[in-house]
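These notes are about the structure you will find just below.
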Amino acid sequence: MKVDVLLGLQWGDEGKGKIVDVLTPNYDIIARFQGGPNAGHTLEFNGIKHVLHTIPSGIFREGVLNLIGNGVVIDPVIFKAELAKLAPYNIDIKSRLIISKKAHLILPTHRLLDAASEAAKGKDKIGSTLKGIGPTYMDKTGRNGLRVGDIFSLNFETKYNALVNKHKDILNHYADFEYDLTELEGPWLQAIDELRELTAVDSEQYLNDAMKAGKKVLAEGAQGTMLDIDFGTYPFVTSSNTVTAGTCTGLGIAPTKIGEVIGIFKAYCTRVGSGPFPTELDNEVGERIRTEGFEFGATTGRPRRCGWVDIPQLKYAIMINGVTELSMMKSDVLDKFDTIKACTHYIIDGERYDYFPYDVNDVEVIPVYEDIKGWNCDTTKLSSYDDAPKELKDYVEYLEQKLEVPITVVSVGPDRTQTLSNKKVLA
Ligand code: GDP
Ligand code: IMO
Ligand code: MG
């Protein structure tokens with residue numbers, strides 16, 4: 001069996017959690033391959049609204065195994081809190097969740113380093129979620145990191161102290177940065193004890209054996225393509241590969257084993273944190289999208305920057321990821337708009353660009369738009385794509401034609417049930 005992949009095509013928060021939850025009944029295993037608690041994936045069903053950070057979004061479905069891959073970074077304290085929030089649902093976590101021994105640990109000092117680095121950058125800050133993501137991946141590539149497998153080793157404490165001492169040396173270079181490590185260390189060490197109770201495995205072996213045995217796997221991305229460390233709007237990105245290639249390195253899956261790649265995007269566009277965003281609407285239209293779409297971060301609560309859909313940007317993301325089908329999210333947020341706009345190309349320095357160029361950070365990027373007629377009606381109660389208003393179908397067809405990939409799912413509300421199958425891909 002091949003692994004299907006679901007990932008974000010914009011700057012994150014596209015609605016990945018919702019669609020993974022919707023698709024989970026079609027799979028045996030849901031596997032996260034990168035990122036960490038910087039992610040906030042929202043699920044809504046049966047009147048419940050739940051945000052997951054590190055745990056894959058298949059956790060609520062019986063009979064499905066959730067796997068945290070080697071490419072993920074785990075903060076034991078946040079992870080423990082996540083497990084506590086799941087307690088009321090009586091989920092047998094031990095049998096439904098397994099963790100790679102190779103996943104890296106976020107230490108309290110990684111969070112401090114993140115905060116110190118951002119503070120030192122001042123107005124040039126990345127706008128990090130301050131969860132310690134950057135410093136943890138730096139230690140991974142710098143070959144200093146601590147991994148989940150290490151917590152079972154007898155010299156774990158020695159390894160931990162060695163790394164913390166290294167971090168303290170670095171923190172000393174931030175003259176104005178004050179911190180109290182003891183306050184953070186106690187809960188972290190307690191949370192490590194809880195982590196020891198869970199099932200840690202050689203997840204690459206586990207996954208490949210499961211695939212050989214015919215199990216169906218869905219890889220769940222975090223963040224979005226434009227936050228990818230290589231292909232995003234660097235340096236305003238996260239520190240992992242958020243693209244399809246990240247599935248191979250973050251789970252131990254060979255490239256030849258990748259099946260469908262489901263790219264998900266909002267019917268408009270958002271970004272949280274700093275960095276370029278060509279179609280951003282810093283005006284009352286953007287404000288209206290934010291209000292209608294309740295665009296506030298699921299992890300940090302920060303207001304998200306809003307703008308129109310950006311076709312060159314989406315085409316770029318589709319190219320990098322090899323997207324085979326698309327899910328369009330939150331089209332209901334545009335229910336009351338007379339006119340919707342889609343950016344078809346950019347003008348930079350008087351020149352036309354039909355693709356996403358290298359330098360969008362320090363130049364003025366002028367987006368050129370095409371107008372699309374809005375549908376001006378409530379779509380949140382639709383139960384079939386066939387009944388969708390003509391203008392919504394026209395918008396879907398317009399984007400399909402521009403993007404050259406079928407839009408198989410249209411999402412018209414946050415709930416599991418508010419999901420329309422175009423081309424009959426959902427059961
Ligand atoms: P993720 O990080 O990609 O999983 O997305 P987030 O959970 O951070 O943000 C998506 C937000 O939009 C959440 O609050 C979802 O409940 C909500 N959402 C998802 N799909 C839809 C939709 O089709 N319509 C509306 N109105 N909200 C949606
Ligand atoms: P999900 O999975 C939206 C953004 C941060 C910041 C940049 C770097 O919910 O879509 P980091 O904490 O990784 O050092 O932050 O990336 N960012 C996200 N934006 N959704 C996310 O995850 C994000 N994870 C990180 O706002 O701009
Ligand atoms: Mg999110």
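A note on labels: chains of the structure tokens are A, B, ... as shown, every chain counts residues from 1, and ligands are counted from 1 in their shown order.
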
Please build the interface table for segment 293-385 of chain A against segment 224-229 of chain A with a cut-off of 12 Å, listing for each qualifying residue the nearest atom pair and the distance in Å to one decimal; count only C-alpha atoms, order rows by chain and increasing number, and write it as CSV.
residue,atom,partner,partner_atom,distance
A:Asp310,CA,A:Met226,CA,11.9
A:Gln313,CA,A:Met226,CA,8.4
A:Leu314,CA,A:Thr225,CA,9.2
A:Lys315,CA,A:Thr225,CA,11.2
A:Tyr316,CA,A:Thr225,CA,9.1
A:Ala317,CA,A:Thr225,CA,6.0
A:Ile318,CA,A:Thr225,CA,9.1
A:Met319,CA,A:Thr225,CA,10.6
A:Ile320,CA,A:Thr225,CA,8.4
A:Asn321,CA,A:Thr225,CA,8.2
A:Gly322,CA,A:Thr225,CA,11.8
A:Val323,CA,A:Thr225,CA,11.5
A:Phe356,CA,A:Met226,CA,10.4
A:Val360,CA,A:Met226,CA,12.0

Contact check, chain A to ligand 1, at most 9 Å, counting only C-alpha atoms and all ligand atoms, closest pairs as CSV:
residue,atom,partner,partner_atom_place_in_ligand_line,distance
A:Leu7,CA,ligand 1,3 (O),8.2
A:Gly8,CA,ligand 1,3 (O),6.6
A:Gly12,CA,ligand 1,3 (O),5.6
A:Asp13,CA,ligand 1,5 (O),3.3
A:Glu14,CA,ligand 1,3 (O),4.0
A:Gly15,CA,ligand 1,3 (O),3.5
A:Lys16,CA,ligand 1,3 (O),3.7
A:Gly17,CA,ligand 1,4 (O),3.7
A:Lys18,CA,ligand 1,19 (C),5.7
A:Ile19,CA,ligand 1,20 (N),7.8
A:Val20,CA,ligand 1,4 (O),8.5
A:Ala39,CA,ligand 1,2 (O),6.0
A:Gly40,CA,ligand 1,2 (O),4.9
A:His41,CA,ligand 1,4 (O),3.3
A:Thr42,CA,ligand 1,7 (O),3.6
A:Leu43,CA,ligand 1,16 (O),5.9
A:Glu44,CA,ligand 1,16 (O),6.2
A:Lys49,CA,ligand 1,16 (O),7.5
A:His50,CA,ligand 1,16 (O),8.6
A:Val51,CA,ligand 1,7 (O),6.8
A:Leu52,CA,ligand 1,4 (O),8.3
A:His53,CA,ligand 1,2 (O),8.8
A:Ser57,CA,ligand 1,4 (O),8.5
A:Gly221,CA,ligand 1,3 (O),8.6
A:Ala222,CA,ligand 1,2 (O),6.8
A:Gln223,CA,ligand 1,2 (O),6.6
A:Gly224,CA,ligand 1,3 (O),8.0
A:Ile264,CA,ligand 1,3 (O),8.2
A:Phe265,CA,ligand 1,3 (O),8.7
A:Lys266,CA,ligand 1,23 (O),8.1
A:Glu292,CA,ligand 1,26 (N),7.6
A:Gly293,CA,ligand 1,26 (N),5.4
A:Phe294,CA,ligand 1,14 (O),7.1
A:Glu295,CA,ligand 1,11 (C),7.2
A:Phe296,CA,ligand 1,14 (O),7.9
A:Gly297,CA,ligand 1,8 (O),6.2
A:Ala298,CA,ligand 1,8 (O),4.9
A:Thr299,CA,ligand 1,8 (O),7.4
A:Met328,CA,ligand 1,23 (O),7.9
A:Met329,CA,ligand 1,23 (O),4.5
A:Lys330,CA,ligand 1,23 (O),3.4
A:Ser331,CA,ligand 1,23 (O),6.1
A:Asp332,CA,ligand 1,24 (N),5.7
A:Val333,CA,ligand 1,26 (N),5.5
A:Thr380,CA,ligand 1,24 (N),8.0
A:Val410,CA,ligand 1,23 (O),7.4
A:Ser411,CA,ligand 1,23 (O),3.9
A:Val412,CA,ligand 1,23 (O),4.1
A:Gly413,CA,ligand 1,24 (N),3.2
A:Pro414,CA,ligand 1,28 (C),3.6
A:Asp415,CA,ligand 1,16 (O),7.0
A:Arg416,CA,ligand 1,20 (N),8.6
A:Gln418,CA,ligand 1,23 (O),6.9
A:Thr419,CA,ligand 1,23 (O),7.2

Next, write the just-selected residues to a file, as a compact mmCIF listing (two decimals), in the first residue's frame, keeping N, CA and C atoms as the atom set.
# COMPACT_ATOMS: atom_id res chain seq x y z
N LEU A 7 -1.62 17.89 3.12
CA LEU A 7 -0.84 19.01 3.65
C LEU A 7 -1.37 20.36 3.18
N GLY A 8 -0.92 21.40 3.87
CA GLY A 8 -1.38 22.76 3.60
C GLY A 8 -0.61 23.39 2.46
N GLY A 12 -0.33 27.78 6.41
CA GLY A 12 -0.86 27.07 7.58
C GLY A 12 -2.30 27.42 7.87
N ASP A 13 -2.89 26.67 8.80
CA ASP A 13 -4.27 26.89 9.26
C ASP A 13 -5.31 26.77 8.16
N GLU A 14 -5.04 25.95 7.18
CA GLU A 14 -5.96 25.79 6.05
C GLU A 14 -7.19 24.98 6.44
N GLY A 15 -7.07 24.22 7.54
CA GLY A 15 -8.18 23.34 7.94
C GLY A 15 -7.77 21.87 7.85
N LYS A 16 -6.46 21.62 8.01
CA LYS A 16 -5.94 20.26 7.88
C LYS A 16 -6.58 19.31 8.90
N GLY A 17 -6.67 19.79 10.16
CA GLY A 17 -7.23 18.94 11.21
C GLY A 17 -8.63 18.46 10.85
N LYS A 18 -9.46 19.37 10.36
CA LYS A 18 -10.83 19.01 10.01
C LYS A 18 -10.85 17.92 8.93
N ILE A 19 -10.06 18.10 7.87
CA ILE A 19 -10.14 17.15 6.75
C ILE A 19 -9.49 15.81 7.12
N VAL A 20 -8.44 15.85 7.92
CA VAL A 20 -7.87 14.56 8.36
C VAL A 20 -8.93 13.79 9.14
N ALA A 39 1.87 23.77 15.75
CA ALA A 39 0.64 23.47 15.03
C ALA A 39 -0.57 23.55 15.96
N GLY A 40 -1.69 23.93 15.39
CA GLY A 40 -2.97 23.89 16.12
C GLY A 40 -4.01 23.39 15.13
N HIS A 41 -4.43 22.15 15.26
CA HIS A 41 -5.35 21.55 14.30
C HIS A 41 -6.72 21.36 14.96
N THR A 42 -7.72 22.04 14.40
CA THR A 42 -9.04 22.07 15.03
C THR A 42 -9.98 21.04 14.42
N LEU A 43 -10.67 20.31 15.31
CA LEU A 43 -11.67 19.33 14.88
C LEU A 43 -13.00 19.72 15.50
N GLU A 44 -14.06 19.63 14.75
CA GLU A 44 -15.39 19.88 15.31
C GLU A 44 -16.34 18.77 14.90
N LYS A 49 -15.59 20.97 20.10
CA LYS A 49 -14.52 21.64 19.36
C LYS A 49 -13.22 21.31 20.07
N HIS A 50 -12.28 20.74 19.36
CA HIS A 50 -11.05 20.30 20.01
C HIS A 50 -9.84 20.69 19.18
N VAL A 51 -8.81 21.24 19.85
CA VAL A 51 -7.59 21.62 19.13
C VAL A 51 -6.45 20.67 19.52
N LEU A 52 -5.83 20.08 18.51
CA LEU A 52 -4.69 19.19 18.73
C LEU A 52 -3.40 19.90 18.30
N HIS A 53 -2.31 19.61 19.00
CA HIS A 53 -1.05 20.27 18.66
C HIS A 53 0.01 19.29 18.15
N SER A 57 -4.62 13.96 13.98
CA SER A 57 -6.05 14.30 14.02
C SER A 57 -6.98 13.09 13.81
N GLY A 221 0.18 16.61 7.40
CA GLY A 221 1.15 17.70 7.46
C GLY A 221 0.79 18.71 8.54
N ALA A 222 1.79 19.50 8.90
CA ALA A 222 1.55 20.64 9.79
C ALA A 222 2.11 21.88 9.08
N GLN A 223 1.71 23.06 9.56
CA GLN A 223 2.07 24.33 8.91
C GLN A 223 1.60 24.29 7.45
N GLY A 224 2.33 24.94 6.56
CA GLY A 224 1.91 24.96 5.16
C GLY A 224 3.13 25.13 4.28
N ILE A 264 -4.47 21.18 0.60
CA ILE A 264 -5.64 21.90 1.09
C ILE A 264 -5.38 23.40 1.21
N PHE A 265 -6.39 24.17 0.81
CA PHE A 265 -6.24 25.64 0.80
C PHE A 265 -7.58 26.28 1.15
N LYS A 266 -7.47 27.49 1.68
CA LYS A 266 -8.69 28.27 1.96
C LYS A 266 -9.16 28.93 0.67
N GLU A 292 -15.63 37.21 9.57
CA GLU A 292 -16.50 36.13 9.07
C GLU A 292 -15.85 34.75 9.26
N GLY A 293 -14.54 34.71 9.09
CA GLY A 293 -13.83 33.43 9.15
C GLY A 293 -13.30 33.11 10.53
N PHE A 294 -13.55 34.01 11.48
CA PHE A 294 -12.98 33.90 12.83
C PHE A 294 -11.50 33.51 12.73
N GLU A 295 -10.75 34.37 12.08
CA GLU A 295 -9.35 34.09 11.80
C GLU A 295 -8.43 34.55 12.94
N PHE A 296 -8.39 33.70 13.95
CA PHE A 296 -7.50 33.91 15.09
C PHE A 296 -6.76 32.59 15.34
N GLY A 297 -5.45 32.67 15.61
CA GLY A 297 -4.63 31.46 15.70
C GLY A 297 -5.14 30.43 16.71
N ALA A 298 -5.12 29.13 16.31
CA ALA A 298 -5.58 28.06 17.20
C ALA A 298 -4.54 27.76 18.28
N THR A 299 -3.30 28.17 18.08
CA THR A 299 -2.24 27.91 19.07
C THR A 299 -1.95 29.15 19.91
N MET A 328 -10.90 22.54 -0.99
CA MET A 328 -11.05 23.99 -0.78
C MET A 328 -11.85 24.22 0.50
N MET A 329 -11.25 24.97 1.41
CA MET A 329 -11.81 25.14 2.75
C MET A 329 -12.45 26.52 2.91
N LYS A 330 -13.40 26.57 3.84
CA LYS A 330 -13.95 27.83 4.33
C LYS A 330 -14.59 28.69 3.24
N SER A 331 -15.13 28.04 2.20
CA SER A 331 -15.78 28.85 1.17
C SER A 331 -17.00 29.57 1.76
N ASP A 332 -17.59 29.00 2.82
CA ASP A 332 -18.74 29.64 3.47
C ASP A 332 -18.41 31.03 4.01
N VAL A 333 -17.13 31.26 4.31
CA VAL A 333 -16.73 32.57 4.85
C VAL A 333 -16.99 33.67 3.82
N THR A 380 -23.79 26.98 4.41
CA THR A 380 -23.34 26.15 5.54
C THR A 380 -24.26 24.94 5.79
N VAL A 410 -15.14 20.38 -0.99
CA VAL A 410 -15.41 21.79 -0.68
C VAL A 410 -15.99 21.82 0.73
N SER A 411 -15.32 22.60 1.60
CA SER A 411 -15.73 22.63 3.00
C SER A 411 -16.53 23.91 3.27
N VAL A 412 -17.72 23.73 3.88
CA VAL A 412 -18.63 24.87 4.05
C VAL A 412 -18.95 25.15 5.52
N GLY A 413 -18.07 24.73 6.39
CA GLY A 413 -18.25 25.00 7.81
C GLY A 413 -17.25 24.17 8.59
N PRO A 414 -17.03 24.50 9.88
CA PRO A 414 -16.00 23.80 10.64
C PRO A 414 -16.37 22.37 11.04
N ASP A 415 -17.65 22.04 11.01
CA ASP A 415 -18.05 20.72 11.49
C ASP A 415 -17.73 19.62 10.47
N ARG A 416 -17.45 18.45 11.02
CA ARG A 416 -17.22 17.25 10.21
C ARG A 416 -18.26 17.10 9.10
N GLN A 418 -20.04 19.34 7.62
CA GLN A 418 -20.15 20.44 6.64
C GLN A 418 -19.06 20.30 5.55
N THR A 419 -19.08 19.14 4.92
CA THR A 419 -18.04 18.80 3.96
C THR A 419 -18.69 18.24 2.69

Check: Using only C-alpha atoms, which of the listed residues (A:Ile192, A:Val243, A:Ile253, A:Leu326) sits closest to Phe156 of chain A?
Finding: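 That would be A:Ile192, the residue with the smallest distance to Phe156 of chain A.
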
Next item on the list: To one decimal in Å, tell me the separation between atom CA of Gly47 of chain A and atom CA of Leu86 of chain A.
Entry: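 Between these atoms lies a distance of 15.2 Å.
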
Checklist line | Computed interatomic separation between atom CA of Tyr160 of chain A and atom CA of Leu105 of chain A (Å) | finding: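 Pair atom CA of Tyr160 of chain A / atom CA of Leu105 of chain A returns 10.3 Å.
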
Item checked: Point-to-point distance from atom CA of Gly69 of chain A to atom CA of Ser100 of chain A, Å rounded to tenths ->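 Computing it gives 5.2 Å between the two atoms.
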
Margin query: as a PyMOL selection string, please: every residue in segment 22-231 of chain A that a backbone DSSP assignment puts in strand (DSSP E).
Written below: chain A and resi 29-32+41-45+48-52+65-68+73-74+97-100+104-105+199-201+217-220

Write out the residues from the selection above, keeping N, CA, C and O atoms, as a tab-separated table (two decimals), in the first residue's frame.
chain	number	residue	atom	x	y	z
A	29	ILE	N	-4.01	4.05	9.66
A	29	ILE	CA	-2.99	4.79	10.43
A	29	ILE	C	-2.96	6.25	9.98
A	29	ILE	O	-2.97	6.53	8.78
A	30	ILE	N	-2.95	7.17	10.95
A	30	ILE	CA	-2.74	8.59	10.65
A	30	ILE	C	-1.38	8.96	11.25
A	30	ILE	O	-1.15	8.75	12.44
A	31	ALA	N	-0.50	9.52	10.43
A	31	ALA	CA	0.88	9.75	10.87
A	31	ALA	C	1.30	11.19	10.66
A	31	ALA	O	1.25	11.70	9.54
A	32	ARG	N	1.72	11.84	11.75
A	32	ARG	CA	2.29	13.20	11.64
A	32	ARG	C	3.75	13.09	11.27
A	32	ARG	O	4.47	12.26	11.83
A	41	HIS	N	-4.43	22.15	15.26
A	41	HIS	CA	-5.35	21.55	14.30
A	41	HIS	C	-6.72	21.36	14.96
A	41	HIS	O	-6.86	20.64	15.95
A	42	THR	N	-7.72	22.04	14.40
A	42	THR	CA	-9.04	22.07	15.03
A	42	THR	C	-9.98	21.04	14.42
A	42	THR	O	-10.11	20.96	13.20
A	43	LEU	N	-10.67	20.31	15.31
A	43	LEU	CA	-11.67	19.33	14.88
A	43	LEU	C	-13.00	19.72	15.50
A	43	LEU	O	-13.04	20.10	16.68
A	44	GLU	N	-14.06	19.63	14.75
A	44	GLU	CA	-15.39	19.88	15.31
A	44	GLU	C	-16.34	18.77	14.90
A	44	GLU	O	-16.48	18.46	13.71
A	45	PHE	N	-16.99	18.17	15.89
A	45	PHE	CA	-17.96	17.12	15.61
A	45	PHE	C	-18.83	16.92	16.85
A	45	PHE	O	-18.39	17.17	17.97
A	48	ILE	N	-18.60	19.11	19.73
A	48	ILE	CA	-17.28	19.24	20.39
A	48	ILE	C	-16.35	20.03	19.49
A	48	ILE	O	-16.33	19.81	18.28
A	49	LYS	N	-15.59	20.97	20.10
A	49	LYS	CA	-14.52	21.64	19.36
A	49	LYS	C	-13.22	21.31	20.07
A	49	LYS	O	-13.09	21.57	21.28
A	50	HIS	N	-12.28	20.74	19.36
A	50	HIS	CA	-11.05	20.30	20.01
A	50	HIS	C	-9.84	20.69	19.18
A	50	HIS	O	-9.84	20.49	17.97
A	51	VAL	N	-8.81	21.24	19.85
A	51	VAL	CA	-7.59	21.62	19.13
A	51	VAL	C	-6.45	20.67	19.52
A	51	VAL	O	-6.16	20.49	20.70
A	52	LEU	N	-5.83	20.08	18.51
A	52	LEU	CA	-4.69	19.19	18.73
A	52	LEU	C	-3.40	19.90	18.30
A	52	LEU	O	-3.42	20.69	17.34
A	65	LEU	N	-4.95	3.81	14.24
A	65	LEU	CA	-3.73	4.07	15.00
A	65	LEU	C	-3.15	5.43	14.61
A	65	LEU	O	-3.13	5.78	13.43
A	66	ASN	N	-2.69	6.18	15.59
A	66	ASN	CA	-2.09	7.50	15.35
A	66	ASN	C	-0.60	7.40	15.66
A	66	ASN	O	-0.22	6.91	16.72
A	67	LEU	N	0.20	7.90	14.74
A	67	LEU	CA	1.64	7.74	14.88
A	67	LEU	C	2.33	9.11	14.80
A	67	LEU	O	2.03	9.90	13.90
A	68	ILE	N	3.21	9.37	15.75
A	68	ILE	CA	4.01	10.61	15.72
A	68	ILE	C	5.39	10.23	15.18
A	68	ILE	O	6.12	9.47	15.82
A	73	VAL	N	8.79	17.25	16.46
A	73	VAL	CA	9.46	17.62	17.72
A	73	VAL	C	8.39	17.74	18.81
A	73	VAL	O	7.32	18.30	18.58
A	74	ILE	N	8.71	17.17	19.97
A	74	ILE	CA	7.69	17.02	21.03
A	74	ILE	C	8.09	17.80	22.27
A	74	ILE	O	9.20	17.62	22.79
A	97	LEU	N	-2.09	5.35	20.15
A	97	LEU	CA	-1.07	6.35	19.83
A	97	LEU	C	0.32	5.77	20.02
A	97	LEU	O	0.63	5.24	21.10
A	98	ILE	N	1.16	5.85	18.99
A	98	ILE	CA	2.55	5.42	19.16
A	98	ILE	C	3.49	6.55	18.69
A	98	ILE	O	3.11	7.38	17.87
A	99	ILE	N	4.68	6.54	19.28
A	99	ILE	CA	5.62	7.64	19.03
A	99	ILE	C	6.96	7.08	18.55
A	99	ILE	O	7.44	6.07	19.07
A	100	SER	N	7.54	7.78	17.60
A	100	SER	CA	8.85	7.37	17.11
A	100	SER	C	9.92	7.61	18.17
A	100	SER	O	9.97	8.69	18.78
A	104	HIS	N	12.46	14.20	18.11
A	104	HIS	CA	13.28	15.01	19.01
A	104	HIS	C	12.45	15.69	20.09
A	104	HIS	O	11.26	15.97	19.90
A	105	LEU	N	13.13	15.93	21.23
A	105	LEU	CA	12.44	16.55	22.37
A	105	LEU	C	12.73	18.05	22.43
A	105	LEU	O	13.87	18.49	22.24
A	199	THR	N	3.82	4.27	24.24
A	199	THR	CA	4.48	3.29	23.38
A	199	THR	C	5.44	3.99	22.41
A	199	THR	O	4.99	4.69	21.50
A	200	ALA	N	6.73	3.81	22.62
A	200	ALA	CA	7.73	4.36	21.70
A	200	ALA	C	8.25	3.23	20.83
A	200	ALA	O	8.57	2.15	21.34
A	201	VAL	N	8.32	3.47	19.52
A	201	VAL	CA	8.69	2.39	18.59
A	201	VAL	C	9.69	2.87	17.54
A	201	VAL	O	9.90	4.07	17.38
A	217	VAL	N	-2.38	4.21	5.05
A	217	VAL	CA	-1.76	5.27	5.88
A	217	VAL	C	-2.05	6.64	5.27
A	217	VAL	O	-1.92	6.84	4.05
A	218	LEU	N	-2.43	7.58	6.13
A	218	LEU	CA	-2.55	8.98	5.72
A	218	LEU	C	-1.53	9.79	6.51
A	218	LEU	O	-1.51	9.75	7.75
A	219	ALA	N	-0.65	10.51	5.80
A	219	ALA	CA	0.34	11.36	6.47
A	219	ALA	C	-0.27	12.75	6.63
A	219	ALA	O	-0.76	13.33	5.65
A	220	GLU	N	-0.23	13.26	7.85
A	220	GLU	CA	-0.84	14.57	8.16
A	220	GLU	C	0.25	15.63	8.27
A	220	GLU	O	1.11	15.56	9.14
